[in-house]
file model-v7.cif (mmCIF, C-alpha atoms)
data_query
loop_
_atom_site.label_atom_id
_atom_site.label_comp_id
_atom_site.auth_asym_id
_atom_site.auth_seq_id
_atom_site.Cartn_x
_atom_site.Cartn_y
_atom_site.Cartn_z
CA MET Z 1 -16.67 -10.05 16.91
CA ALA Z 2 -17.86 -8.11 13.85
CA ALA Z 3 -19.88 -5.63 15.92
CA ILE Z 4 -16.97 -5.00 18.30
CA VAL Z 5 -14.56 -4.26 15.46
CA LYS Z 6 -16.95 -2.03 13.55
CA GLU Z 7 -17.34 0.20 16.60
CA ALA Z 8 -13.66 1.10 16.20
CA THR Z 9 -14.11 2.62 12.75
CA ARG Z 10 -15.38 5.99 11.60
CA ASP Z 11 -16.36 7.44 8.25
CA THR Z 12 -13.03 8.91 7.17
CA THR Z 13 -13.11 8.48 3.38
CA ASP Z 14 -15.06 11.72 2.86
CA ARG Z 15 -12.13 13.63 4.38
CA VAL Z 16 -9.76 12.75 1.52
CA ASP Z 17 -8.81 15.89 -0.44
CA TYR Z 18 -8.38 14.58 -3.98
CA SER Z 19 -8.15 18.09 -5.45
CA ARG Z 20 -5.12 18.74 -3.29
CA ARG Z 21 -3.51 15.49 -4.43
CA ILE Z 22 -4.07 16.39 -8.10
CA GLY Z 23 -2.66 19.86 -7.44
CA ASN Z 24 0.47 18.44 -5.82
CA LEU Z 25 0.98 16.15 -8.80
CA ARG Z 26 0.54 19.01 -11.27
CA ARG Z 27 3.27 21.00 -9.54
CA LYS Z 28 5.61 18.05 -9.93
CA LEU Z 29 4.55 17.57 -13.55
CA ARG Z 30 5.33 21.20 -14.42
CA ARG Z 31 8.90 20.73 -13.24
CA THR Z 32 9.42 17.93 -15.77
CA GLY Z 33 8.51 20.16 -18.74
CA LEU Z 34 5.96 17.61 -19.94
CA SER Z 35 2.48 18.63 -21.10
CA GLY Z 36 0.65 15.69 -19.61
CA LEU Z 37 0.80 12.42 -17.72
CA LEU Z 38 -0.76 9.01 -18.35
CA ILE Z 39 -1.45 6.95 -15.21
CA THR Z 40 -2.44 3.29 -15.48
CA HIS Z 41 -1.21 1.82 -12.18
CA LEU Z 42 -4.51 1.28 -10.38
CA PRO Z 43 -3.27 2.07 -6.85
CA ASP Z 44 -2.06 5.43 -8.18
CA VAL Z 45 -5.41 5.99 -9.88
CA ARG Z 46 -7.22 5.27 -6.62
CA TYR Z 47 -4.92 7.58 -4.68
CA LEU Z 48 -5.53 10.48 -7.05
CA CYS Z 49 -9.29 10.27 -7.62
CA GLY Z 50 -10.84 7.53 -5.47
CA PHE Z 51 -11.76 5.06 -8.23
CA THR Z 52 -11.60 1.42 -7.08
CA GLY Z 53 -12.48 -0.44 -10.29
CA SER Z 54 -10.22 -2.94 -12.03
CA SER Z 55 -9.97 -1.18 -15.40
CA ALA Z 56 -9.12 2.51 -15.80
CA ALA Z 57 -6.63 5.06 -17.02
CA LEU Z 58 -6.18 8.59 -15.73
CA ALA Z 59 -4.91 11.41 -17.96
CA ILE Z 60 -3.72 14.69 -16.47
CA THR Z 61 -2.60 17.96 -18.03
CA GLY Z 62 -1.80 21.33 -16.49
CA ARG Z 63 -5.49 22.29 -16.47
CA ARG Z 64 -7.60 19.18 -16.95
CA ALA Z 65 -7.84 15.63 -15.63
CA ARG Z 66 -10.03 12.80 -16.95
CA LEU Z 67 -10.62 9.21 -15.88
CA PHE Z 68 -11.41 6.67 -18.60
CA THR Z 69 -13.22 3.43 -17.79
CA ASP Z 70 -15.84 1.17 -19.36
CA GLY Z 71 -19.57 0.73 -18.94
CA ARG Z 72 -19.26 -1.84 -16.15
CA TYR Z 73 -18.20 1.00 -13.86
CA ARG Z 74 -20.59 3.75 -14.95
CA THR Z 75 -22.45 3.94 -11.63
CA GLN Z 76 -19.40 3.15 -9.54
CA ALA Z 77 -17.29 5.87 -11.14
CA THR Z 78 -20.08 8.42 -10.64
CA GLU Z 79 -20.21 7.57 -6.95
CA GLU Z 80 -16.48 7.28 -6.25
CA VAL Z 81 -14.53 9.63 -8.48
CA LYS Z 82 -13.63 13.05 -7.16
CA ALA Z 83 -11.69 16.01 -8.61
CA VAL Z 84 -11.54 14.68 -12.20
CA ASP Z 85 -13.97 14.24 -15.10
CA VAL Z 86 -15.17 10.75 -16.04
CA GLU Z 87 -15.58 9.37 -19.55
CA ILE Z 88 -17.15 5.98 -20.19
CA ILE Z 89 -15.62 4.34 -23.25
CA THR Z 90 -16.03 1.14 -25.26
CA ARG Z 91 -12.36 0.66 -26.16
CA ALA Z 92 -9.25 0.18 -24.06
CA ALA Z 93 -9.11 2.81 -21.31
CA ALA Z 94 -5.42 3.61 -21.82
CA VAL Z 95 -5.87 4.04 -25.58
CA ALA Z 96 -8.76 6.44 -25.02
CA ALA Z 97 -6.64 8.37 -22.53
CA VAL Z 98 -3.77 8.60 -25.03
CA GLU Z 99 -6.07 9.97 -27.73
CA TRP Z 100 -7.46 12.52 -25.29
CA LEU Z 101 -4.01 13.67 -24.20
CA ALA Z 102 -2.84 14.10 -27.78
CA ALA Z 103 -5.94 16.19 -28.61
CA GLN Z 104 -5.45 18.72 -25.79
CA PRO Z 105 -4.42 22.27 -26.78
CA ALA Z 106 -0.65 22.75 -26.90
CA SER Z 107 -0.15 19.11 -26.01
CA GLU Z 108 3.34 18.15 -27.12
CA SER Z 109 4.41 15.42 -24.73
CA ALA Z 110 3.22 13.09 -21.99
CA GLY Z 111 5.03 11.15 -19.33
CA PHE Z 112 4.50 7.58 -18.21
CA ASP Z 113 5.92 5.52 -15.36
CA PRO Z 114 8.26 2.86 -16.84
CA MET Z 115 7.99 0.85 -13.60
CA HIS Z 116 4.36 0.08 -14.45
CA THR Z 117 4.43 0.01 -18.26
CA THR Z 118 5.35 -2.90 -20.49
CA VAL Z 119 7.01 -2.58 -23.90
CA ALA Z 120 3.84 -3.97 -25.51
CA GLU Z 121 1.64 -1.41 -23.77
CA LEU Z 122 3.85 1.47 -24.88
CA ALA Z 123 3.71 0.20 -28.46
CA ARG Z 124 -0.10 0.15 -28.35
CA TRP Z 125 -0.21 3.67 -26.98
CA ARG Z 126 2.05 4.96 -29.73
CA GLU Z 127 -0.12 3.31 -32.36
CA ALA Z 128 -3.07 5.33 -31.02
CA LEU Z 129 -1.25 8.62 -31.68
CA PRO Z 130 -1.25 10.65 -34.87
CA ALA Z 131 1.72 9.62 -37.01
CA ARG Z 132 3.52 12.92 -36.43
CA LEU Z 133 3.61 12.33 -32.64
CA ARG Z 134 4.53 8.66 -32.43
CA ARG Z 135 8.28 9.14 -32.11
CA THR Z 136 8.30 12.10 -29.73
CA PHE Z 137 5.11 12.27 -27.67
CA PHE Z 138 5.78 9.78 -24.88
CA ALA Z 139 8.65 10.14 -22.42
CA ALA Z 140 9.54 7.74 -19.63
CA LEU Z 141 9.66 9.56 -16.32
CA PRO Z 142 13.25 9.52 -14.99
CA ASN Z 143 11.85 9.48 -11.46
CA PRO Z 144 8.36 8.54 -10.21
CA LEU Z 145 6.00 11.46 -9.62
CA ILE Z 146 3.19 9.81 -7.66
CA GLU Z 147 5.22 7.49 -5.44
CA PRO Z 148 6.79 10.37 -3.45
CA LEU Z 149 3.32 11.81 -2.85
CA ARG Z 150 2.06 8.47 -1.53
CA LEU Z 151 5.09 8.04 0.74
CA VAL Z 152 3.86 10.61 3.26
CA LYS Z 153 0.30 9.99 4.40
CA ASP Z 154 -2.10 12.84 5.07
CA GLU Z 155 -4.37 12.97 8.12
CA ALA Z 156 -7.23 11.15 6.37
CA GLU Z 157 -4.90 8.33 5.34
CA LEU Z 158 -3.41 8.05 8.80
CA ALA Z 159 -6.89 7.81 10.31
CA ILE Z 160 -7.83 4.98 7.93
CA LEU Z 161 -4.56 3.14 8.56
CA ARG Z 162 -5.11 3.40 12.32
CA GLU Z 163 -8.55 1.85 11.86
CA ALA Z 164 -7.19 -0.93 9.64
CA ALA Z 165 -4.46 -1.77 12.14
CA LEU Z 166 -6.91 -1.77 15.06
CA ILE Z 167 -9.21 -4.18 13.22
CA GLY Z 168 -6.21 -6.45 12.63
CA SER Z 169 -5.26 -6.32 16.31
CA ARG Z 170 -8.77 -7.23 17.40
CA LEU Z 171 -8.82 -10.08 14.93
CA PHE Z 172 -5.70 -11.41 16.62
CA ASP Z 173 -7.42 -11.21 20.00
CA TYR Z 174 -10.31 -13.19 18.51
CA ILE Z 175 -8.21 -15.89 16.87
CA LEU Z 176 -6.46 -16.58 20.17
CA SER Z 177 -9.78 -17.93 21.45
CA VAL Z 178 -9.96 -20.33 18.49
CA LEU Z 179 -6.45 -21.77 18.51
CA ARG Z 180 -5.88 -25.28 19.83
CA PRO Z 181 -3.49 -28.14 19.04
CA GLY Z 182 -4.69 -30.35 16.18
CA LEU Z 183 -6.33 -27.63 14.10
CA ARG Z 184 -4.95 -27.46 10.58
CA GLU Z 185 -3.15 -24.27 9.60
CA VAL Z 186 -5.59 -23.77 6.72
CA GLU Z 187 -8.48 -23.90 9.18
CA VAL Z 188 -6.88 -21.14 11.24
CA ALA Z 189 -6.37 -19.00 8.13
CA ALA Z 190 -9.96 -19.60 6.99
CA GLU Z 191 -11.39 -18.65 10.39
CA LEU Z 192 -9.25 -15.52 10.54
CA GLU Z 193 -10.23 -14.45 7.02
CA HIS Z 194 -13.92 -15.18 7.66
CA ALA Z 195 -13.82 -13.08 10.82
CA ALA Z 196 -12.12 -10.28 8.88
CA ARG Z 197 -14.90 -10.25 6.29
CA MET Z 198 -17.56 -10.31 8.98
CA ALA Z 199 -15.84 -7.34 10.59
CA GLY Z 200 -16.20 -5.36 7.37
CA ALA Z 201 -12.80 -5.86 5.72
CA GLU Z 202 -12.75 -5.48 1.94
CA GLY Z 203 -10.33 -8.40 1.79
CA MET Z 204 -6.94 -9.52 3.03
CA SER Z 205 -3.81 -7.49 2.28
CA PHE Z 206 -1.91 -10.65 1.28
CA ASP Z 207 -2.12 -14.42 1.62
CA THR Z 208 -2.42 -15.14 5.34
CA ILE Z 209 0.69 -16.74 6.84
CA VAL Z 210 0.02 -19.46 9.40
CA ALA Z 211 3.20 -21.42 10.16
CA SER Z 212 3.51 -23.74 13.15
CA GLY Z 213 6.12 -26.02 14.72
CA PRO Z 214 9.15 -26.49 12.42
CA ARG Z 215 7.24 -24.69 9.65
CA SER Z 216 7.48 -21.47 11.68
CA ALA Z 217 11.07 -21.35 10.40
CA LEU Z 218 9.64 -20.47 6.95
CA PRO Z 219 9.47 -16.64 6.82
CA HIS Z 220 6.59 -16.85 4.32
CA GLY Z 221 5.04 -20.12 5.43
CA HIS Z 222 1.57 -19.91 3.92
CA ALA Z 223 -1.10 -21.96 5.68
CA SER Z 224 -0.81 -25.66 4.96
CA GLU Z 225 -2.53 -28.91 5.93
CA ALA Z 226 -0.12 -29.23 8.88
CA ARG Z 227 -1.77 -29.47 12.28
CA LEU Z 228 -0.96 -27.12 15.14
CA PRO Z 229 1.46 -28.83 17.56
CA ARG Z 230 0.96 -29.64 21.20
CA ARG Z 231 4.27 -27.93 21.79
CA GLY Z 232 5.90 -25.32 19.60
CA PHE Z 233 5.66 -21.87 18.04
CA LEU Z 234 2.89 -20.58 15.79
CA THR Z 235 3.49 -17.50 13.65
CA LEU Z 236 0.49 -15.52 12.38
CA ASP Z 237 1.20 -12.83 9.77
CA PHE Z 238 -1.87 -11.21 8.24
CA GLY Z 239 -3.48 -7.97 7.21
CA ILE Z 240 -6.78 -6.60 6.00
CA ILE Z 241 -7.86 -4.02 3.45
CA HIS Z 242 -10.00 -1.28 4.98
CA LYS Z 243 -11.30 1.65 2.92
CA GLY Z 244 -8.61 0.86 0.37
CA TYR Z 245 -5.70 0.78 2.81
CA CYS Z 246 -3.74 -2.20 4.10
CA SER Z 247 -2.83 -3.37 7.55
CA ASP Z 248 0.02 -5.73 8.39
CA MET Z 249 0.95 -7.39 11.67
CA THR Z 250 2.70 -10.51 12.93
CA ARG Z 251 2.53 -12.22 16.29
CA THR Z 252 4.17 -15.48 17.36
CA VAL Z 253 2.62 -17.54 20.15
CA TYR Z 254 3.60 -20.82 21.81
CA PHE Z 255 1.69 -24.03 22.49
CA GLY Z 256 2.76 -25.56 25.80
CA THR Z 257 5.77 -24.40 27.77
CA PRO Z 258 8.75 -23.11 25.76
CA ARG Z 259 12.21 -24.56 26.26
CA ALA Z 260 14.93 -22.26 27.55
CA ASN Z 261 16.48 -21.70 24.11
CA GLU Z 262 13.06 -20.99 22.58
CA ARG Z 263 12.19 -18.45 25.26
CA ALA Z 264 15.61 -16.80 24.90
CA ALA Z 265 15.19 -16.53 21.11
CA TYR Z 266 11.73 -15.00 21.55
CA GLU Z 267 13.03 -12.45 24.05
CA ALA Z 268 15.86 -11.53 21.65
CA VAL Z 269 13.41 -10.93 18.78
CA LEU Z 270 11.14 -8.89 21.04
CA GLU Z 271 14.08 -6.78 22.21
CA ALA Z 272 15.20 -6.27 18.60
CA GLN Z 273 11.70 -5.27 17.53
CA GLN Z 274 11.32 -2.80 20.37
CA ALA Z 275 14.76 -1.31 19.67
CA ALA Z 276 13.83 -0.71 16.03
CA VAL Z 277 10.46 0.81 16.98
CA GLU Z 278 12.24 3.15 19.37
CA ALA Z 279 14.64 4.16 16.59
CA VAL Z 280 11.81 5.34 14.34
CA ALA Z 281 11.59 9.14 14.06
CA ALA Z 282 11.55 11.80 11.38
CA GLY Z 283 15.04 12.37 9.98
CA VAL Z 284 16.39 8.93 10.89
CA ARG Z 285 17.88 6.87 8.06
CA CYS Z 286 16.06 3.65 7.24
CA GLY Z 287 19.32 1.74 7.47
CA ASP Z 288 19.81 2.94 11.04
CA VAL Z 289 16.39 1.59 12.05
CA ASP Z 290 17.34 -1.75 10.50
CA GLU Z 291 20.64 -1.74 12.38
CA ALA Z 292 18.86 -1.09 15.69
CA ALA Z 293 17.12 -4.46 15.32
CA ARG Z 294 20.03 -6.28 13.72
CA SER Z 295 22.54 -5.26 16.39
CA VAL Z 296 20.38 -6.80 19.14
CA LEU Z 297 20.19 -10.10 17.28
CA ARG Z 298 23.91 -9.93 16.53
CA HIS Z 299 24.64 -9.58 20.24
CA ALA Z 300 22.37 -12.59 20.91
CA GLY Z 301 24.24 -14.68 18.35
CA LEU Z 302 21.21 -14.80 16.04
CA ALA Z 303 22.23 -12.37 13.31
CA GLU Z 304 22.62 -15.12 10.70
CA ALA Z 305 19.08 -16.33 11.47
CA PHE Z 306 17.60 -12.91 10.54
CA SER Z 307 17.28 -13.33 6.80
CA HIS Z 308 15.17 -10.40 5.59
CA SER Z 309 14.86 -6.64 5.94
CA THR Z 310 13.38 -5.08 9.06
CA GLY Z 311 10.36 -3.55 7.36
CA HIS Z 312 8.67 -1.64 4.57
CA GLY Z 313 6.17 1.11 3.94
CA VAL Z 314 2.48 0.29 3.86
CA GLY Z 315 -0.55 2.14 2.52
CA ILE Z 316 -2.80 1.51 -0.48
CA GLU Z 317 -0.38 -1.29 -1.34
CA ILE Z 318 0.96 -3.75 1.20
CA HIS Z 319 4.57 -3.14 0.14
CA GLU Z 320 5.46 0.48 -0.50
CA PRO Z 321 8.59 2.56 -0.04
CA PRO Z 322 10.53 3.21 2.08
CA ARG Z 323 12.46 -0.01 2.64
CA ILE Z 324 13.77 -0.50 6.18
CA ALA Z 325 16.91 -2.45 5.34
CA SER Z 326 20.65 -2.49 5.74
CA GLY Z 327 22.41 0.34 3.92
CA GLN Z 328 19.23 2.25 3.03
CA THR Z 329 19.97 5.99 3.22
CA THR Z 330 16.41 7.27 2.76
CA ARG Z 331 15.44 9.37 5.76
CA LEU Z 332 12.08 8.83 7.42
CA GLU Z 333 9.58 11.67 7.23
CA ALA Z 334 6.67 12.48 9.51
CA GLY Z 335 3.56 10.87 8.03
CA MET Z 336 5.24 7.76 6.67
CA VAL Z 337 3.84 4.44 7.93
CA VAL Z 338 6.24 1.50 8.07
CA THR Z 339 6.35 -2.02 9.43
CA ILE Z 340 8.94 -3.12 11.96
CA GLU Z 341 9.24 -6.92 11.73
CA PRO Z 342 12.54 -8.56 12.67
CA GLY Z 343 12.61 -12.34 12.99
CA VAL Z 344 14.83 -15.36 13.46
CA TYR Z 345 14.47 -18.63 11.56
CA LEU Z 346 16.23 -21.86 12.49
CA PRO Z 347 15.46 -24.46 9.77
CA GLY Z 348 14.04 -27.69 11.11
CA GLN Z 349 13.54 -26.16 14.57
CA PHE Z 350 11.43 -23.01 14.81
CA GLY Z 351 10.98 -19.41 13.73
CA ILE Z 352 9.79 -16.22 15.42
CA ARG Z 353 8.65 -12.89 13.99
CA ILE Z 354 7.02 -9.88 15.68
CA GLU Z 355 5.63 -7.05 13.57
CA ASP Z 356 3.95 -3.71 14.21
CA MET Z 357 2.75 -0.93 11.94
CA VAL Z 358 4.41 2.29 13.06
CA ALA Z 359 3.66 5.86 11.98
CA VAL Z 360 6.61 8.22 11.81
CA THR Z 361 6.27 11.43 13.81
CA ARG Z 362 8.72 14.20 14.58
CA ALA Z 363 8.99 12.92 18.13
CA GLY Z 364 9.31 9.22 17.33
CA GLY Z 365 7.10 6.35 16.24
CA GLU Z 366 3.40 5.79 16.95
CA ILE Z 367 2.47 2.10 17.10
CA PHE Z 368 -0.80 1.41 15.28
CA THR Z 369 -1.05 -2.29 16.28
CA PRO Z 370 -1.72 -2.55 20.03
CA ALA Z 371 -1.93 -6.37 20.30
CA PRO Z 372 0.30 -7.75 23.09
CA LYS Z 373 3.87 -8.78 22.24
CA THR Z 374 4.94 -10.57 25.40
CA LEU Z 375 5.09 -14.30 24.71
CA ILE Z 376 1.62 -15.84 24.87
CA GLU Z 377 1.62 -19.47 26.01
CA LEU Z 378 -1.49 -21.43 25.02
#
call {"tool": "encode", "arguments": {"input": "model-v7.cif", "output": "structure tokens"}}
result
Amino acid sequence: MAAIVKEATRDTTDRVDYSRRIGNLRRKLRRTGLSGLLITHLPDVRYLCGFTGSSAALAITGRRARLFTDGRYRTQATEEVKAVDVEIITRAAAVAAVEWLAAQPASESAGFDPMHTTVAELARWREALPARLRRTFFAALPNPLIEPLRLVKDEAELAILREAALIGSRLFDYILSVLRPGLREVEVAAELEHAARMAGAEGMSFDTIVASGPRSALPHGHASEARLPRRGFLTLDFGIIHKGYCSDMTRTVYFGTPRANERAAYEAVLEAQQAAVEAVAAGVRCGDVDEAARSVLRHAGLAEAFSHSTGHGVGIEIHEPPRIASGQTTRLEAGMVVTIEPGVYLPGQFGIRIEDMVAVTRAGGEIFTPAPKTLIEL
């Protein structure tokens, strides 16, 4: 299994142009009128310079950029970080970054993302400033600067996400050979996660969902001690982290022979999922993609059983913008990667969800997860 999956991957990380990403951010920063920017959200740090450690802060001005981290990551930072200087420090990384920003020539102000900054953190940063700057230096960004850059994936990112999704699809093919009535859900999750590690995954994108029988009606039914039924649905929702990027897919299979109402519900979800995938294209509003799925389930009399949004963006983080949901007016752009995952959930009976990762192109949507979606009967 591991050897088969690894054949599907290529060395794509060296194609990431971090200098270009920093340049794009600087252009956005100039428009704000701020002298600098403090970045502490680790996924943003990784996106901008490649650093994967668990403690770091990145400071950027119009001409310079410096990553601050501690001695645990001296070798790692040397190997990973591109396009910015590295400084190894013995105090808090963010505090060191604040002091550096304040010391830069003509440095009068710095922005921070209030979505990823606590009140306590901001207070500590201000304490690290010279007294004359404490009241005026930091400004909360009115709109995120890095999030819009991460929304649209470049060619290197798309290549990595394709690889991640393909690994996930092959893991699904593998786990089908393991499944049998009587296995505990936690055993299925453990086998899937072990196979993912053996295939080279850095980890799982999120807690693996294994929900069988009546538990399949739980949209986020994490693996339990329940045993797989002799007859009933099994929903598998999982993803891996590959070269820093997440995959996400869901398939629902059936043990035994489905009843007429179960088969009809599955066919309705599959039709809704395919309709939403077909609606994906550059320029289409996210709400319209959601409605493509929801209208099918409404026609089937299952609209009330569809209790969540149709999808979300995926990249370095498992949940990223845009949100594919009712009323969302954001328009899809070529290069975005989203999930399409409608489902129906009938408490005490069963649930069904089908999910693909889909890249937005000018012509439509490119499915990254090729695992079969017709109902598999085990």
call {"tool": "resolve_selection", "arguments": {"input": "model-v7.cif", "expression": "the PyMOL selection byres ((chain Z and resi 356) around 8)", "output": "ChimeraX atom specification"}}
result
/Z:248-250,339-341,354-355,357-358,367-369
call {"tool": "residues_around", "arguments": {"input": "model-v7.cif", "residues": "Z:Ala139", "least_positions_apart": "3", "cutoff": "12 Å", "atoms": "all atoms listed in the file", "output": "ChimeraX atom specification"}}
result
/Z:32-38,108-114,117,122,125-126,133-136,142-143
call {"tool": "write_last_selection", "arguments": {"input": "model-v7.cif", "atoms": "C-alpha atoms", "output": "PDB file, keeping the file's coordinate frame"}}
result
ATOM      1  CA  THR Z  32       9.420  17.930 -15.770  1.00  0.00           C
ATOM      2  CA  GLY Z  33       8.510  20.160 -18.740  1.00  0.00           C
ATOM      3  CA  LEU Z  34       5.960  17.610 -19.940  1.00  0.00           C
ATOM      4  CA  SER Z  35       2.480  18.630 -21.100  1.00  0.00           C
ATOM      5  CA  GLY Z  36       0.650  15.690 -19.610  1.00  0.00           C
ATOM      6  CA  LEU Z  37       0.800  12.420 -17.720  1.00  0.00           C
ATOM      7  CA  LEU Z  38      -0.760   9.010 -18.350  1.00  0.00           C
ATOM      8  CA  GLU Z 108       3.340  18.150 -27.120  1.00  0.00           C
ATOM      9  CA  SER Z 109       4.410  15.420 -24.730  1.00  0.00           C
ATOM     10  CA  ALA Z 110       3.220  13.090 -21.990  1.00  0.00           C
ATOM     11  CA  GLY Z 111       5.030  11.150 -19.330  1.00  0.00           C
ATOM     12  CA  PHE Z 112       4.500   7.580 -18.210  1.00  0.00           C
ATOM     13  CA  ASP Z 113       5.920   5.520 -15.360  1.00  0.00           C
ATOM     14  CA  PRO Z 114       8.260   2.860 -16.840  1.00  0.00           C
ATOM     15  CA  THR Z 117       4.430   0.010 -18.260  1.00  0.00           C
ATOM     16  CA  LEU Z 122       3.850   1.470 -24.880  1.00  0.00           C
ATOM     17  CA  TRP Z 125      -0.210   3.670 -26.980  1.00  0.00           C
ATOM     18  CA  ARG Z 126       2.050   4.960 -29.730  1.00  0.00           C
ATOM     19  CA  LEU Z 133       3.610  12.330 -32.640  1.00  0.00           C
ATOM     20  CA  ARG Z 134       4.530   8.660 -32.430  1.00  0.00           C
ATOM     21  CA  ARG Z 135       8.280   9.140 -32.110  1.00  0.00           C
ATOM     22  CA  THR Z 136       8.300  12.100 -29.730  1.00  0.00           C
ATOM     23  CA  PRO Z 142      13.250   9.520 -14.990  1.00  0.00           C
ATOM     24  CA  ASN Z 143      11.850   9.480 -11.460  1.00  0.00           C
TER      25      ASN Z 143
END
call {"tool": "atom_distance", "arguments": {"input": "model-v7.cif", "atom1": "atom CA of Z:Phe138", "atom2": "atom CA of Z:Gly315"}}
result
29.1 Å
call {"tool": "resolve_selection", "arguments": {"input": "model-v7.cif", "expression": "the PyMOL selection byres ((chain Z and resi 322) around 6)", "output": "list in words"}}
result
His312, Gly313, Pro321 and Arg323 of chain Z
call {"tool": "write_last_selection", "arguments": {"input": "model-v7.cif", "atoms": "C-alpha atoms", "output": "short mmCIF file (atom, residue, chain, number, x, y, z; two decimals), in the coordinates of the input"}}
result
data_model
loop_
_atom_site.label_atom_id
_atom_site.label_comp_id
_atom_site.auth_asym_id
_atom_site.auth_seq_id
_atom_site.Cartn_x
_atom_site.Cartn_y
_atom_site.Cartn_z
CA HIS Z 312 8.67 -1.64 4.57
CA GLY Z 313 6.17 1.11 3.94
CA PRO Z 321 8.59 2.56 -0.04
CA ARG Z 323 12.46 -0.01 2.64
#
call {"tool": "resolve_selection", "arguments": {"input": "model-v7.cif", "expression": "the PyMOL selection byres ((chain Z and resi 45) around 12)", "output": "PyMOL selection string"}}
result
chain Z and resi 18+21-22+37-44+46-60+65-69+77+80-84+146-147+150+244+316
call {"tool": "atom_distance", "arguments": {"input": "model-v7.cif", "atom1": "atom CA of Z:His116", "atom2": "atom CA of Z:Gly168"}}
result
29.8 Å
call {"tool": "atom_distance", "arguments": {"input": "model-v7.cif", "atom1": "atom CA of Z:Leu151", "atom2": "atom CA of Z:Asp290"}}
result
18.5 Å
call {"tool": "residues_around", "arguments": {"input": "model-v7.cif", "residues": "Z:Leu332", "least_positions_apart": "5", "cutoff": "10 Å", "atoms": "only C-alpha atoms", "output": "PDB file with C-alpha atoms, keeping the file's coordinate frame"}}
result
ATOM      1  CA  LEU Z 151       5.090   8.040   0.740  1.00  0.00           C
ATOM      2  CA  VAL Z 152       3.860  10.610   3.260  1.00  0.00           C
ATOM      3  CA  VAL Z 280      11.810   5.340  14.340  1.00  0.00           C
ATOM      4  CA  ALA Z 281      11.590   9.140  14.060  1.00  0.00           C
ATOM      5  CA  ALA Z 282      11.550  11.800  11.380  1.00  0.00           C
ATOM      6  CA  GLY Z 283      15.040  12.370   9.980  1.00  0.00           C
ATOM      7  CA  VAL Z 284      16.390   8.930  10.890  1.00  0.00           C
ATOM      8  CA  ARG Z 285      17.880   6.870   8.060  1.00  0.00           C
ATOM      9  CA  CYS Z 286      16.060   3.650   7.240  1.00  0.00           C
ATOM     10  CA  VAL Z 289      16.390   1.590  12.050  1.00  0.00           C
ATOM     11  CA  PRO Z 322      10.530   3.210   2.080  1.00  0.00           C
ATOM     12  CA  ILE Z 324      13.770  -0.500   6.180  1.00  0.00           C
ATOM     13  CA  VAL Z 337       3.840   4.440   7.930  1.00  0.00           C
ATOM     14  CA  VAL Z 338       6.240   1.500   8.070  1.00  0.00           C
ATOM     15  CA  VAL Z 360       6.610   8.220  11.810  1.00  0.00           C
ATOM     16  CA  THR Z 361       6.270  11.430  13.810  1.00  0.00           C
ATOM     17  CA  ARG Z 362       8.720  14.200  14.580  1.00  0.00           C
TER      18      ARG Z 362
END
call {"tool": "closest_residue", "arguments": {"input": "model-v7.cif", "among": "Z:Ala103, Z:Leu149, Z:Leu302, Z:Ala217", "to": "Z:Asn24", "atoms": "all atoms listed in the file"}}
result
Z:Leu149
call {"tool": "closest_residue", "arguments": {"input": "model-v7.cif", "among": "Z:Arg298, Z:Ala165, Z:Ser224, Z:Phe238", "to": "Z:Glu366", "atoms": "all atoms listed in the file"}}
result
Z:Ala165
call {"tool": "closest_residue", "arguments": {"input": "model-v7.cif", "among": "Z:Lys153, Z:Arg353, Z:His299, Z:Arg331", "to": "Z:Thr252", "atoms": "all atoms listed in the file"}}
result
Z:Arg353
call {"tool": "residues_around", "arguments": {"input": "model-v7.cif", "residues": "stretch 184-191 of chain Z", "least_positions_apart": "4", "cutoff": "6 Å", "atoms": "all atoms listed in the file", "output": "number ranges by chain"}}
result
Z: 210, 223-227
call {"tool": "write_last_selection", "arguments": {"input": "model-v7.cif", "atoms": "C-alpha atoms", "output": "short mmCIF file (atom, residue, chain, number, x, y, z; two decimals), in the coordinates of the input"}}
result
data_model
loop_
_atom_site.label_atom_id
_atom_site.label_comp_id
_atom_site.auth_asym_id
_atom_site.auth_seq_id
_atom_site.Cartn_x
_atom_site.Cartn_y
_atom_site.Cartn_z
CA VAL Z 210 0.02 -19.46 9.40
CA ALA Z 223 -1.10 -21.96 5.68
CA SER Z 224 -0.81 -25.66 4.96
CA GLU Z 225 -2.53 -28.91 5.93
CA ALA Z 226 -0.12 -29.23 8.88
CA ARG Z 227 -1.77 -29.47 12.28
#
call {"tool": "closest_residue", "arguments": {"input": "model-v7.cif", "among": "Z:Glu79, Z:Glu202, Z:Asp173, Z:Glu317", "to": "Z:Arg251", "atoms": "all atoms listed in the file"}}
result
Z:Asp173
call {"tool": "closest_residue", "arguments": {"input": "model-v7.cif", "among": "Z:Ala260, Z:Ile160, Z:Ala97, Z:Leu141", "to": "Z:Thr61", "atoms": "all atoms listed in the file"}}
result
Z:Ala97
call {"tool": "closest_residue", "arguments": {"input": "model-v7.cif", "among": "Z:Tyr266, Z:Phe255, Z:Phe233, Z:Tyr245", "to": "Z:Glu320", "atoms": "all atoms listed in the file"}}
result
Z:Tyr245
